[in-house]
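Undergrad: File follows, my_file16.cif with mmCIF, C-alpha atoms:
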```cif
data_structure
loop_
_atom_site.label_atom_id
_atom_site.label_comp_id
_atom_site.auth_asym_id
_atom_site.auth_seq_id
_atom_site.Cartn_x
_atom_site.Cartn_y
_atom_site.Cartn_z
CA MET A 1487 0.00 0.00 0.00
CA LYS A 1488 2.81 2.41 0.96
CA ARG A 1489 4.62 1.51 -2.27
CA LEU A 1490 1.48 2.25 -4.24
CA LEU A 1491 1.08 5.58 -2.48
CA SER A 1492 4.74 6.42 -3.09
CA LEU A 1493 4.42 5.55 -6.77
CA ILE A 1494 1.35 7.69 -7.18
CA LEU A 1495 3.01 10.49 -5.21
CA ILE A 1496 6.04 10.39 -7.53
CA CYS A 1497 3.78 10.33 -10.58
CA THR A 1498 1.96 13.34 -9.12
CA ILE A 1499 5.03 15.42 -8.31
CA ALA A 1500 7.05 14.59 -11.43
CA PRO A 1501 4.64 16.34 -13.79
CA LEU A 1502 4.78 19.44 -11.59
CA ILE A 1503 8.55 19.59 -12.11
CA TYR A 1504 8.26 18.68 -15.76
CA SER A 1505 5.75 21.44 -16.35
CA PHE A 1506 8.31 24.17 -15.63
CA GLY A 1507 10.53 22.93 -18.44
CA GLN A 1508 7.96 22.87 -21.20
CA ASP A 1509 8.43 24.96 -24.34
CA ASN A 1510 6.31 27.99 -24.95
CA PRO A 1511 3.45 27.40 -27.38
CA GLN A 1512 4.23 28.23 -30.97
CA LEU A 1513 3.16 31.65 -32.15
CA TYR A 1514 0.43 32.00 -34.80
CA LYS A 1515 -0.80 28.47 -34.18
CA LEU A 1516 -4.60 28.15 -34.07
CA GLN A 1517 -5.70 27.22 -30.60
CA SER A 1518 -7.83 24.15 -30.08
CA PRO A 1519 -11.47 24.56 -29.03
CA PHE A 1520 -10.48 23.40 -25.56
CA GLU A 1521 -8.23 26.44 -25.29
CA ARG A 1522 -10.80 28.81 -26.73
CA TYR A 1523 -14.05 27.74 -25.03
CA ARG A 1524 -15.28 26.70 -21.65
CA HIS A 1525 -15.46 22.94 -21.72
CA ASN A 1526 -16.49 20.03 -19.52
CA SER A 1527 -14.83 16.92 -18.26
CA ILE A 1528 -16.05 13.77 -16.58
CA THR A 1529 -13.61 11.60 -14.64
CA VAL A 1530 -14.19 8.10 -13.27
CA ARG A 1531 -11.71 7.08 -10.59
CA GLY A 1532 -10.84 3.95 -8.64
CA LEU A 1533 -9.35 4.76 -5.24
CA ALA A 1534 -7.12 3.07 -2.73
CA ALA A 1535 -7.72 4.50 0.75
CA LEU A 1536 -5.40 4.51 3.76
CA PRO A 1537 -6.82 5.37 7.21
CA LEU A 1538 -4.98 8.03 9.21
CA GLY A 1539 -5.04 9.50 12.74
CA GLY A 1540 -7.93 8.51 14.95
CA LEU A 1541 -9.49 6.33 12.28
CA SER A 1542 -6.32 4.27 12.02
CA ASP A 1543 -5.40 4.32 15.71
CA GLY A 1544 -8.82 3.75 17.22
CA TYR A 1545 -11.06 1.98 14.76
CA ILE A 1546 -9.77 0.60 11.45
CA ASP A 1547 -6.11 0.54 10.42
CA LYS A 1548 -6.65 -1.52 7.28
CA SER A 1549 -6.46 0.08 3.84
CA SER A 1550 -9.14 -0.52 1.24
CA VAL A 1551 -9.32 -0.60 -2.54
CA LYS A 1552 -12.98 -1.10 -3.38
CA ASN A 1553 -13.62 2.60 -3.69
CA TYR A 1554 -14.63 4.83 -6.56
CA SER A 1555 -15.68 8.33 -7.51
CA VAL A 1556 -17.14 10.22 -10.44
CA ALA A 1557 -16.32 13.90 -11.00
CA LEU A 1558 -17.83 16.48 -13.31
CA GLU A 1559 -15.60 19.47 -14.00
CA TRP A 1560 -15.86 22.77 -15.81
CA LEU A 1561 -12.66 24.20 -17.30
CA PHE A 1562 -12.27 27.77 -18.44
CA PRO A 1563 -10.14 29.15 -21.30
CA ASN A 1564 -7.20 31.30 -20.32
CA ALA A 1565 -7.79 30.63 -16.66
CA PRO A 1566 -5.76 28.28 -14.49
CA VAL A 1567 -8.75 27.50 -12.29
CA SER A 1568 -11.44 24.89 -12.87
CA ALA A 1569 -14.30 23.76 -10.67
CA GLY A 1570 -16.70 20.88 -10.33
CA PHE A 1571 -18.50 18.30 -8.24
CA GLU A 1572 -17.43 14.86 -7.20
CA ILE A 1573 -19.38 11.98 -5.70
CA GLY A 1574 -17.92 8.69 -4.59
CA LYS A 1575 -17.72 5.95 -2.04
CA THR A 1576 -14.98 4.88 0.35
CA TYR A 1577 -15.39 1.81 2.54
CA PHE A 1578 -13.27 0.53 5.41
CA GLU A 1579 -13.69 -2.77 7.24
CA LYS A 1580 -11.84 -4.69 9.92
CA ARG A 1581 -12.55 -7.93 11.79
CA LEU A 1582 -11.33 -8.48 15.35
CA PRO A 1583 -11.28 -11.94 16.95
CA ARG A 1584 -13.49 -12.67 19.93
CA GLY A 1585 -12.64 -10.41 22.84
CA MET A 1586 -14.15 -8.86 25.94
CA TYR A 1587 -15.77 -5.44 25.83
CA SER A 1588 -17.69 -3.36 28.33
CA SER A 1589 -20.90 -1.48 27.69
CA SER A 1590 -22.73 0.15 30.55
CA ASP A 1591 -22.98 -2.61 33.17
CA TRP A 1592 -22.40 -5.48 30.76
CA ASP A 1593 -19.28 -7.53 30.12
CA ILE A 1594 -19.60 -8.59 26.50
CA SER A 1595 -17.73 -11.34 24.70
CA ALA A 1596 -18.00 -10.94 20.94
CA VAL A 1597 -16.31 -11.00 17.57
CA GLN A 1598 -16.17 -7.40 16.38
CA THR A 1599 -16.62 -6.34 12.77
CA ARG A 1600 -15.92 -2.66 12.31
CA THR A 1601 -17.14 -0.90 9.18
CA LEU A 1602 -17.20 2.66 7.96
CA SER A 1603 -18.67 3.83 4.68
CA LEU A 1604 -18.18 7.40 3.48
CA THR A 1605 -20.05 8.83 0.51
CA PRO A 1606 -18.57 12.25 -0.21
CA ILE A 1607 -20.65 14.71 -2.20
CA GLN A 1608 -18.32 17.63 -2.63
CA GLY A 1609 -17.55 20.64 -4.75
CA PHE A 1610 -13.92 21.18 -5.72
CA VAL A 1611 -11.64 23.80 -7.18
CA ASN A 1612 -8.52 22.89 -9.12
CA TYR A 1613 -5.55 25.11 -9.81
CA ASN A 1614 -4.14 23.81 -13.08
CA ILE A 1615 -0.43 24.45 -13.54
CA ASN A 1616 -0.25 23.86 -17.30
CA GLY A 1617 -2.66 24.83 -20.05
CA VAL A 1618 -5.79 22.82 -20.65
CA ASN A 1619 -4.35 21.34 -23.82
CA SER A 1620 -0.99 20.20 -22.48
CA ILE A 1621 -0.25 16.53 -22.55
CA VAL A 1622 0.66 16.70 -18.86
CA GLN A 1623 -1.64 18.81 -16.68
CA PRO A 1624 -0.63 18.87 -13.02
CA TYR A 1625 -3.08 20.40 -10.57
CA VAL A 1626 -3.70 21.02 -6.90
CA GLN A 1627 -7.17 20.64 -5.49
CA ALA A 1628 -9.31 21.71 -2.57
CA SER A 1629 -12.75 20.28 -1.95
CA VAL A 1630 -15.56 20.89 0.49
CA GLY A 1631 -19.04 19.47 0.94
CA VAL A 1632 -20.79 16.72 2.84
CA ASN A 1633 -20.25 13.05 3.56
CA VAL A 1634 -22.93 10.47 4.09
CA VAL A 1635 -21.35 8.71 7.06
CA ASN A 1636 -22.45 5.13 7.73
CA TYR A 1637 -20.68 3.70 10.79
CA ILE A 1638 -21.70 0.17 11.76
CA LEU A 1639 -20.02 -1.66 14.61
CA TYR A 1640 -21.05 -5.31 14.73
CA LEU A 1641 -20.78 -7.36 17.90
CA GLY A 1642 -21.30 -10.83 16.49
CA SER A 1643 -24.40 -10.38 14.36
CA LEU A 1644 -25.67 -7.38 16.33
CA GLY A 1645 -25.09 -4.01 14.75
CA ASP A 1646 -24.82 -0.56 16.23
CA GLN A 1647 -25.33 1.93 13.41
CA TYR A 1648 -24.68 5.65 13.09
CA GLN A 1649 -25.81 7.18 9.81
CA LYS A 1650 -25.60 10.93 9.34
CA LEU A 1651 -24.84 13.64 6.83
CA ARG A 1652 -21.68 15.40 7.99
CA PHE A 1653 -19.30 18.13 6.79
CA GLY A 1654 -16.37 16.89 4.75
CA TYR A 1655 -13.32 18.36 3.08
CA GLY A 1656 -10.20 17.38 1.21
CA ILE A 1657 -6.96 18.73 -0.22
CA GLY A 1658 -4.80 17.05 -2.80
CA ALA A 1659 -2.59 17.12 -5.86
CA GLY A 1660 -2.69 15.21 -9.08
CA SER A 1661 -2.13 15.28 -12.77
CA LYS A 1662 -4.06 14.64 -15.93
CA PHE A 1663 -2.42 13.01 -18.93
CA LEU A 1664 -3.99 13.54 -22.31
CA PHE A 1665 -3.68 10.49 -24.54
CA LYS A 1666 -2.94 12.91 -27.39
CA ARG A 1667 -2.80 16.65 -27.87
CA ASP A 1668 -6.28 18.11 -28.57
CA GLY A 1669 -7.69 14.73 -27.62
CA LYS A 1670 -10.82 14.13 -25.64
CA PHE A 1671 -9.58 11.27 -23.50
CA GLY A 1672 -6.94 10.95 -20.85
CA ALA A 1673 -5.85 9.49 -17.55
CA ASP A 1674 -5.81 11.08 -14.14
CA ILE A 1675 -3.86 10.30 -10.98
CA ARG A 1676 -4.38 12.02 -7.66
CA VAL A 1677 -3.41 11.84 -4.01
CA ARG A 1678 -5.83 13.50 -1.62
CA TYR A 1679 -6.22 13.94 2.13
CA ASN A 1680 -9.88 13.69 3.19
CA ASN A 1681 -11.85 14.00 6.38
CA ALA A 1682 -15.44 13.80 7.51
CA THR A 1683 -16.18 15.58 10.76
CA PHE A 1684 -18.21 13.61 13.28
CA ASP A 1685 -17.91 12.18 16.76
CA TYR A 1686 -19.39 8.77 17.41
CA GLY A 1687 -18.31 5.54 19.03
CA TYR A 1688 -14.63 4.87 18.53
CA LEU A 1689 -14.27 7.91 16.24
CA GLU A 1690 -14.05 11.16 18.17
CA LYS A 1691 -12.36 13.27 15.51
CA GLY A 1692 -13.95 12.14 12.31
CA ALA A 1693 -12.45 9.81 9.76
CA PRO A 1694 -9.20 11.22 8.33
CA HIS A 1695 -7.76 9.21 5.45
CA VAL A 1696 -5.73 9.61 2.32
CA THR A 1697 -6.80 8.33 -1.07
CA ALA A 1698 -4.65 7.54 -4.07
CA SER A 1699 -6.58 7.25 -7.27
CA PHE A 1700 -6.25 6.35 -10.91
CA GLY A 1701 -8.93 7.58 -13.27
CA LEU A 1702 -9.93 8.07 -16.84
CA PHE A 1703 -11.53 11.23 -18.14
CA TYR A 1704 -13.47 12.36 -21.16
CA ARG A 1705 -13.76 16.02 -22.06
CA TRP A 1706 -16.03 17.83 -24.46
CA TRP A 1707 -17.00 21.34 -25.38
CA MET B 782 -14.02 8.74 -39.53
CA THR B 783 -10.94 7.03 -38.18
CA LEU B 784 -10.71 9.59 -35.42
CA LYS B 785 -14.37 9.08 -34.55
CA MET B 786 -13.88 5.32 -34.37
CA LYS B 787 -10.88 5.80 -32.12
CA ASN B 788 -12.87 8.12 -29.92
CA ASN B 789 -15.66 5.57 -29.70
CA LYS B 790 -13.12 2.97 -28.68
CA TYR B 791 -11.85 5.24 -25.91
CA LEU B 792 -15.40 6.05 -24.88
CA ASN B 793 -16.25 2.36 -24.64
CA TRP B 794 -13.11 1.85 -22.58
CA LEU B 795 -14.08 4.67 -20.26
CA ILE B 796 -17.63 3.38 -19.86
CA SER B 797 -16.36 -0.15 -19.29
CA ALA B 798 -13.93 1.04 -16.65
CA GLY B 799 -16.72 2.97 -14.98
CA CYS B 800 -18.98 -0.08 -14.99
CA VAL B 801 -16.25 -2.26 -13.50
CA LEU B 802 -15.68 0.30 -10.73
CA ALA B 803 -19.39 0.60 -10.07
CA LEU B 804 -19.83 -3.17 -9.94
CA ALA B 805 -16.85 -3.53 -7.64
CA ALA B 806 -18.37 -0.96 -5.32
CA CYS B 807 -21.86 -2.45 -5.45
CA SER B 808 -20.58 -5.97 -4.88
CA ALA B 809 -19.60 -5.14 -1.29
CA ASN B 810 -21.02 -8.11 0.59
CA ASP B 811 -22.69 -8.20 3.94
CA PRO B 812 -19.64 -7.72 6.19
CA ILE B 813 -20.76 -10.40 8.64
CA SER B 814 -21.98 -13.03 6.16
CA ASP B 815 -18.77 -15.03 6.61
CA LEU B 816 -19.13 -15.41 10.38
CA SER B 817 -19.68 -18.92 11.72
CA LEU B 818 -22.70 -19.47 13.97
CA GLU B 819 -20.45 -19.42 17.01
CA GLU B 820 -18.82 -16.19 15.87
CA THR B 821 -22.20 -14.46 15.52
CA GLN B 822 -22.98 -15.16 19.16
CA VAL B 823 -22.59 -12.52 21.82
CA TYR B 824 -22.25 -13.48 25.47
CA MET B 825 -23.27 -10.76 27.90
CA THR B 826 -22.97 -10.91 31.68
CA ASP B 827 -23.64 -8.47 34.48
CA ARG B 828 -23.56 -8.74 38.27
CA ASP B 829 -24.45 -6.85 41.40
CA LYS B 830 -21.00 -5.57 42.42
CA THR B 831 -22.01 -5.24 46.07
CA VAL B 832 -22.50 -8.99 46.38
CA ASN B 833 -19.89 -11.48 47.58
CA PHE B 834 -20.82 -14.75 45.91
CA LYS B 835 -18.94 -16.72 48.56
CA ASP B 836 -21.90 -15.97 50.81
CA TYR B 837 -23.95 -18.42 48.77
CA LYS B 838 -23.60 -22.19 48.98
CA THR B 839 -26.70 -23.78 47.47
CA PHE B 840 -28.68 -23.17 44.30
CA SER B 841 -31.63 -24.39 42.34
CA VAL B 842 -32.81 -23.87 38.79
CA VAL B 843 -36.25 -23.65 37.19
CA ASP B 844 -37.68 -26.89 35.81
CA SER B 845 -38.58 -25.45 32.42
CA VAL B 846 -37.74 -22.52 30.15
CA LEU B 847 -39.93 -19.46 29.90
CA ILE B 848 -40.71 -18.50 26.33
CA TYR B 849 -41.59 -14.86 26.06
CA GLY B 850 -42.22 -12.63 23.07
CA ASN B 851 -44.65 -11.25 20.58
CA GLN B 852 -46.11 -14.72 19.97
CA GLY B 853 -47.14 -15.14 23.57
CA THR B 854 -45.78 -16.37 26.88
CA GLY B 855 -45.47 -19.88 28.22
CA THR B 856 -43.04 -22.53 29.31
CA ALA B 857 -41.24 -25.18 27.29
CA LEU B 858 -38.92 -28.09 27.87
CA THR B 859 -37.45 -29.14 24.56
CA GLU B 860 -34.33 -31.26 24.15
CA VAL B 861 -32.28 -28.08 23.79
CA ASP B 862 -33.89 -26.63 26.92
CA VAL B 863 -32.97 -29.74 28.91
CA MET B 864 -29.39 -29.57 27.62
CA LEU B 865 -29.18 -25.93 28.61
CA LEU B 866 -30.61 -26.44 32.11
CA ASN B 867 -28.34 -29.42 32.75
CA ARG B 868 -25.30 -27.48 31.62
CA ILE B 869 -26.19 -24.63 33.97
CA VAL B 870 -26.35 -27.10 36.85
CA GLN B 871 -22.98 -28.59 35.83
CA ASN B 872 -21.35 -25.18 35.65
CA MET B 873 -22.77 -24.06 38.99
CA GLU B 874 -21.47 -27.23 40.63
CA LYS B 875 -18.12 -26.75 38.93
CA HIS B 876 -17.98 -23.28 40.50
CA GLY B 877 -18.56 -24.75 43.95
CA TYR B 878 -22.31 -24.47 44.52
CA GLN B 879 -24.47 -27.34 45.72
CA TYR B 880 -27.67 -28.15 43.84
CA VAL B 881 -30.85 -28.48 45.95
CA ALA B 882 -34.53 -28.66 45.03
CA ALA B 883 -36.48 -25.41 44.92
CA SER B 884 -38.43 -26.53 47.98
CA GLN B 885 -35.21 -26.83 50.05
CA LYS B 886 -34.67 -23.07 50.30
CA PRO B 887 -31.62 -22.57 48.03
CA ASP B 888 -29.41 -19.52 48.58
CA VAL B 889 -29.80 -18.55 44.93
CA GLY B 890 -32.16 -19.57 42.13
CA ILE B 891 -31.61 -19.38 38.40
CA ASN B 892 -34.31 -18.33 35.95
CA VAL B 893 -33.97 -19.22 32.28
CA ALA B 894 -35.99 -17.58 29.52
CA GLN B 895 -35.88 -17.42 25.78
CA VAL B 896 -37.00 -14.02 24.61
CA ASN B 897 -38.33 -13.54 21.10
CA ASN B 898 -38.33 -9.80 21.25
CA SER B 899 -35.50 -7.38 20.72
CA TYR B 900 -36.57 -4.84 23.35
CA VAL B 901 -35.43 -6.25 26.66
CA ASN B 902 -36.70 -3.34 28.70
CA VAL B 903 -40.22 -4.10 27.47
CA VAL B 904 -40.12 -7.70 28.54
CA SER B 905 -37.99 -7.62 31.66
CA GLN B 906 -40.72 -6.74 34.12
CA PRO B 907 -43.26 -9.33 32.88
CA VAL B 908 -40.52 -11.95 33.07
CA GLY B 909 -39.77 -10.90 36.64
CA SER B 910 -43.43 -11.11 37.51
CA TYR B 911 -43.79 -14.55 35.96
CA TRP B 912 -40.82 -16.11 37.69
CA GLY B 913 -41.62 -14.27 40.90
CA SER B 914 -44.75 -16.37 41.09
CA TYR B 915 -42.75 -19.53 40.34
CA TRP B 916 -40.55 -18.87 43.34
CA GLY B 917 -43.52 -18.30 45.65
CA GLY B 918 -44.95 -14.84 44.98
CA TRP B 919 -41.76 -12.76 45.18
CA GLY B 920 -41.17 -9.64 43.12
CA MET B 921 -37.72 -9.06 41.66
CA GLY B 922 -35.42 -6.04 42.01
CA TYR B 923 -33.39 -5.45 38.86
CA PRO B 924 -30.10 -3.60 38.66
CA SER B 925 -30.20 -0.55 36.42
CA TYR B 926 -30.75 -1.68 32.84
CA TYR B 927 -29.43 -0.31 29.59
CA SER B 928 -29.23 -1.75 26.12
CA TYR B 929 -28.60 -0.03 22.81
CA TYR B 930 -29.19 -3.04 20.59
CA THR B 931 -32.09 -2.62 18.23
CA VAL B 932 -32.01 -5.89 16.34
CA ASN B 933 -35.00 -8.18 16.36
CA GLU B 934 -33.94 -11.63 17.39
CA SER B 935 -34.36 -14.47 19.82
CA TYR B 936 -32.02 -14.74 22.74
CA TRP B 937 -31.49 -16.58 25.99
CA MET B 938 -31.77 -14.72 29.26
CA LEU B 939 -30.51 -16.09 32.57
CA GLU B 940 -30.96 -14.50 35.98
CA MET B 941 -29.62 -15.47 39.39
CA LEU B 942 -31.92 -14.47 42.26
CA ASP B 943 -30.77 -13.90 45.83
CA PHE B 944 -33.08 -15.90 48.13
CA LYS B 945 -30.72 -15.72 51.06
CA ASN B 946 -31.08 -11.96 51.46
CA ALA B 947 -34.66 -11.58 50.29
CA ASN B 948 -36.47 -8.34 51.02
CA VAL B 949 -39.15 -9.83 53.23
CA VAL B 950 -41.01 -6.55 53.79
CA ASP B 951 -41.51 -5.74 50.09
CA LYS B 952 -41.37 -9.41 49.04
CA GLU B 953 -38.67 -8.57 46.52
CA LEU B 954 -35.70 -10.61 45.29
CA ASN B 955 -32.49 -9.07 43.99
CA VAL B 956 -31.01 -10.22 40.70
CA VAL B 957 -27.34 -10.68 41.61
CA TRP B 958 -26.15 -12.00 38.24
CA ARG B 959 -27.67 -12.04 34.79
CA SER B 960 -26.66 -13.07 31.35
CA GLN B 961 -27.86 -12.88 27.77
CA ILE B 962 -26.83 -15.09 24.86
CA ARG B 963 -27.57 -13.45 21.53
CA GLY B 964 -26.84 -14.13 17.90
CA GLU B 965 -27.46 -16.94 15.44
CA GLY B 966 -27.72 -20.64 16.23
CA ILE B 967 -28.69 -20.21 19.86
CA ASN B 968 -30.97 -23.28 19.58
CA ASP B 969 -28.33 -25.38 17.86
CA LYS B 970 -27.77 -28.55 19.90
CA THR B 971 -24.08 -28.59 19.06
CA LEU B 972 -23.58 -25.09 20.43
CA VAL B 973 -25.77 -24.99 23.54
CA GLN B 974 -23.30 -26.46 26.01
CA GLY B 975 -20.47 -24.27 24.75
CA MET B 976 -22.67 -21.20 25.07
CA VAL B 977 -23.40 -21.93 28.74
CA ASP B 978 -19.73 -22.70 29.44
CA LYS B 979 -18.68 -19.35 27.99
CA ILE B 980 -20.99 -17.21 30.10
CA PHE B 981 -19.75 -18.96 33.25
CA ASP B 982 -16.12 -18.78 32.10
CA GLN B 983 -16.35 -15.00 31.72
CA SER B 984 -17.97 -14.69 35.17
CA GLU B 985 -15.00 -15.76 37.28
CA TYR B 986 -16.42 -13.97 40.33
CA LEU B 987 -19.08 -16.71 40.56
CA ASN B 988 -16.41 -19.20 41.62
CA ILE B 989 -16.71 -19.89 45.37
CA LYS B 990 -14.19 -22.74 45.59
#
```
Any chance you could put this one into structure tokens?

TA:
Amino acid sequence: MKRLLSLILICTIAPLIYSFGQDNPQLYKLQSPFERYRHNSITVRGLAALPLGGLSDGYIDKSSVKNYSVALEWLFPNAPVSAGFEIGKTYFEKRLPRGMYSSSDWDISAVQTRTLSLTPIQGFVNYNINGVNSIVQPYVQASVGVNVVNYILYLGSLGDQYQKLRFGYGIGAGSKFLFKRDGKFGADIRVRYNNATFDYGYLEKGAPHVTASFGLFYRWW
Amino acid sequence: MTLKMKNNKYLNWLISAGCVLALAACSANDPISDLSLEETQVYMTDRDKTVNFKDYKTFSVVDSVLIYGNQGTGTALTEVDVMLLNRIVQNMEKHGYQYVAASQKPDVGINVAQVNNSYVNVVSQPVGSYWGSYWGGWGMGYPSYYSYYTVNESYWMLEMLDFKNANVVDKELNVVWRSQIRGEGINDKTLVQGMVDKIFDQSEYLNIK
């Protein structure tokens, strides 16, 4: 997992460095429609998620890979900033062998299954370091919105559930890679820190985690 | 035309990737579906912390199991019930208590009920009333009760009543130890004895040897 994160981190930072060495665009060349008009992009991502902080220390320390997101983005000509919405799902799970727990007056012997599902519905703003038609398009991102938090702690087959809509935010960096110049399709990699703010059960300070994602995008104008 | 075909190929790829991701996400199974019957079971015990169990020497146990729930109340004595009652006797003896008949004034008595209702606080008082009459018209004083489980299920409930220090004025018996066995397979013959052993094993304070 750490190797995967490192690889994605390197792939994220390298384009940032590369971007400073790119040649200036040729003069008198007709710009593509993507450079002249506001256009749209949809990105489908698969995410690997690594729990951090209180989530890792107090509830689930196991990473997960069955996560996804879909983002819709609006990009503007001659402006380094783009904006959009993203919806997704991140799921953590951990099984603990039978152990003793206390609840109120009871001593409880049970196998614990800890789960946490987060469904972020967030708006984001990207600062794009290269032009919208560059083959390599590094960006930094900030997002804010809500998370549908679904916390279920199972003792044996008995579940204690907490399901609420809670504030969520994220900050990250990534890069898009066009498959060809002026093309409509490309790949996207991103590393992002995320949190959902809530206090319940084992989680007193929300659910901080980092996601590393690989995605494919399609853009149109 | 070639470009359009290429674009369609990419679009199909993108859609396919999206579908795979969506299916992977939707295919998340029930997180507890892989638990064995024994692993689904939860053994809960509670005691009156002011009580020294070494003060008790003899015990008795009800001669049948109370069935309580939305389908009605009554008693039963199935093969599983007999296995359960016998195992309780064995465990009490193993912990140093002597079995006597209910008519021989035992120091403590053990009630056994199977509850087919998830809300314990709804059924606890009727159960107390029922068994109070079994033991000769005594009411029962419960320790403070709290449960946050909201799952409908059947479960076993055991209670140990203090006859030795009965409240004669109010005709009330204290529950000095209680236990619940919840989860799947609680009527499985192969699991019953192990279930009883576990609730006694986690109640070391009951040992008077």

Undergrad: Could you write out as a ChimeraX atom specification the residues that the PyMOL selection byres ((chain B) within 6 of (chain A)) matches in the shown file?

TA: /B:799,806,820-827,964

Undergrad: Expanded to explicit residues, what is the PyMOL selection byres ((chain A and resi 1628) around 9) for this file, as a VMD selection string?

TA: chain A and resid 1609 to 1613 1626 to 1627 1629 to 1630 1655 to 1659 1678

Undergrad: Rounded to one decimal in Å, what is the spacing between CA of Arg868 (chain B) and CA of Asp943 (chain B)?

TA: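 About the pair CA of Arg868 (chain B) and CA of Asp943 (chain B): they are 20.4 Å apart.
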
Undergrad: Hey, can you check how far CA of Ser817 (chain B) sits from CA of Arg963 (chain B)?

TA: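 About the pair CA of Ser817 (chain B) and CA of Arg963 (chain B): they are 13.7 Å apart.
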
Undergrad: Calculated over only C-alpha atoms, which of the candidates A:Val1632, A:Leu1639, A:Ile1546, A:Ala1693 has the smallest distance to Gln1608 (chain A)?

TA: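 Of A:Val1632, A:Leu1639, A:Ile1546, A:Ala1693, the one nearest Gln1608 (chain A), counting only C-alpha atoms, is A:Val1632.
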
Undergrad: From the set B:Phe981, B:Phe944, B:Tyr878, B:Trp937, which residue has the shortest atom-to-atom contact distance to Val846 (chain B), counting only C-alpha atoms?

TA: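 Residue with the minimum atom-to-atom distance to Val846 (chain B): B:Trp937.
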
Undergrad: Mind checking which residues fall within 12 Å of Asn867 (chain B), counting only C-alpha atoms, ignoring those fewer than 2 positions away in the same chain, and posting them as a list in words?

TA: Ser841, Val842, Val843, Asp844, Ser845, Val846, Leu858, Glu860, Val861, Asp862, Val863, Met864, Leu865, Ile869, Val870, Gln871, Asn872, Met873, Glu874, Tyr880, Ile891, Val893, Val973, Gln974, Val977 and Asp978 of chain B

Undergrad: Would you mind exporting the chosen residues as a JSON list (two decimals), in the frame of the given file, restricted to C-alpha atoms?

TA:
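Output (again-v7.json):
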```json
[["chain", "number", "residue", "atom", "x", "y", "z"],
["B", 841, "SER", "CA", -31.63, -24.39, 42.34],
["B", 842, "VAL", "CA", -32.81, -23.87, 38.79],
["B", 843, "VAL", "CA", -36.25, -23.65, 37.19],
["B", 844, "ASP", "CA", -37.68, -26.89, 35.81],
["B", 845, "SER", "CA", -38.58, -25.45, 32.42],
["B", 846, "VAL", "CA", -37.74, -22.52, 30.15],
["B", 858, "LEU", "CA", -38.92, -28.09, 27.87],
["B", 860, "GLU", "CA", -34.33, -31.26, 24.15],
["B", 861, "VAL", "CA", -32.28, -28.08, 23.79],
["B", 862, "ASP", "CA", -33.89, -26.63, 26.92],
["B", 863, "VAL", "CA", -32.97, -29.74, 28.91],
["B", 864, "MET", "CA", -29.39, -29.57, 27.62],
["B", 865, "LEU", "CA", -29.18, -25.93, 28.61],
["B", 869, "ILE", "CA", -26.19, -24.63, 33.97],
["B", 870, "VAL", "CA", -26.35, -27.10, 36.85],
["B", 871, "GLN", "CA", -22.98, -28.59, 35.83],
["B", 872, "ASN", "CA", -21.35, -25.18, 35.65],
["B", 873, "MET", "CA", -22.77, -24.06, 38.99],
["B", 874, "GLU", "CA", -21.47, -27.23, 40.63],
["B", 880, "TYR", "CA", -27.67, -28.15, 43.84],
["B", 891, "ILE", "CA", -31.61, -19.38, 38.40],
["B", 893, "VAL", "CA", -33.97, -19.22, 32.28],
["B", 973, "VAL", "CA", -25.77, -24.99, 23.54],
["B", 974, "GLN", "CA", -23.30, -26.46, 26.01],
["B", 977, "VAL", "CA", -23.40, -21.93, 28.74],
["B", 978, "ASP", "CA", -19.73, -22.70, 29.44]]
```

Undergrad: Taking the file as shown, find all residues satisfying the PyMOL selection byres ((chain A and resi 1539) around 12) and write them as number ranges by chain.

TA: A: 1536-1538, 1540-1547, 1679-1681, 1689-1696

Undergrad: If you measure from CA of Pro1566 (chain A) to CA of Ala1698 (chain A), what distance in Å do you get, rounded to one decimal?

TA: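 Going from CA of Pro1566 (chain A) over to CA of Ala1698 (chain A) covers 23.2 Å.
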
Undergrad: Have a look at A:Ile1675, A:Val1618, A:Leu1602, A:Leu1558 and name the one nearest to Arg1524 (chain A); count only C-alpha atoms.

TA: A:Val1618

Undergrad: Determine, counting all atoms listed in the file, every residue of protein, DNA or RNA that lies within 12 Å of (-35.4, -23.5, 48.7) in the file coordinates, then give the result as a list in words.

TA: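 Those within range, by chain then number, are Lys838, Thr839, Phe840, Ser841, Val842, Val843, Gln879, Tyr880, Val881, Ala882, Ala883, Ser884, Gln885, Lys886, Pro887, Asp888, Val889, Gly890, Ile891, Tyr915, Trp916, Gly917, Leu942, Asp943, Phe944 and Lys945 of chain B.
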
Undergrad: Identify the residues around (-17.8, -19.6, 40.1) within a radius of 10 Å, measuring from only C-alpha atoms in the coordinates stated by the file, and give them as number ranges by chain.

TA: B: 834-835, 872-878, 981-990
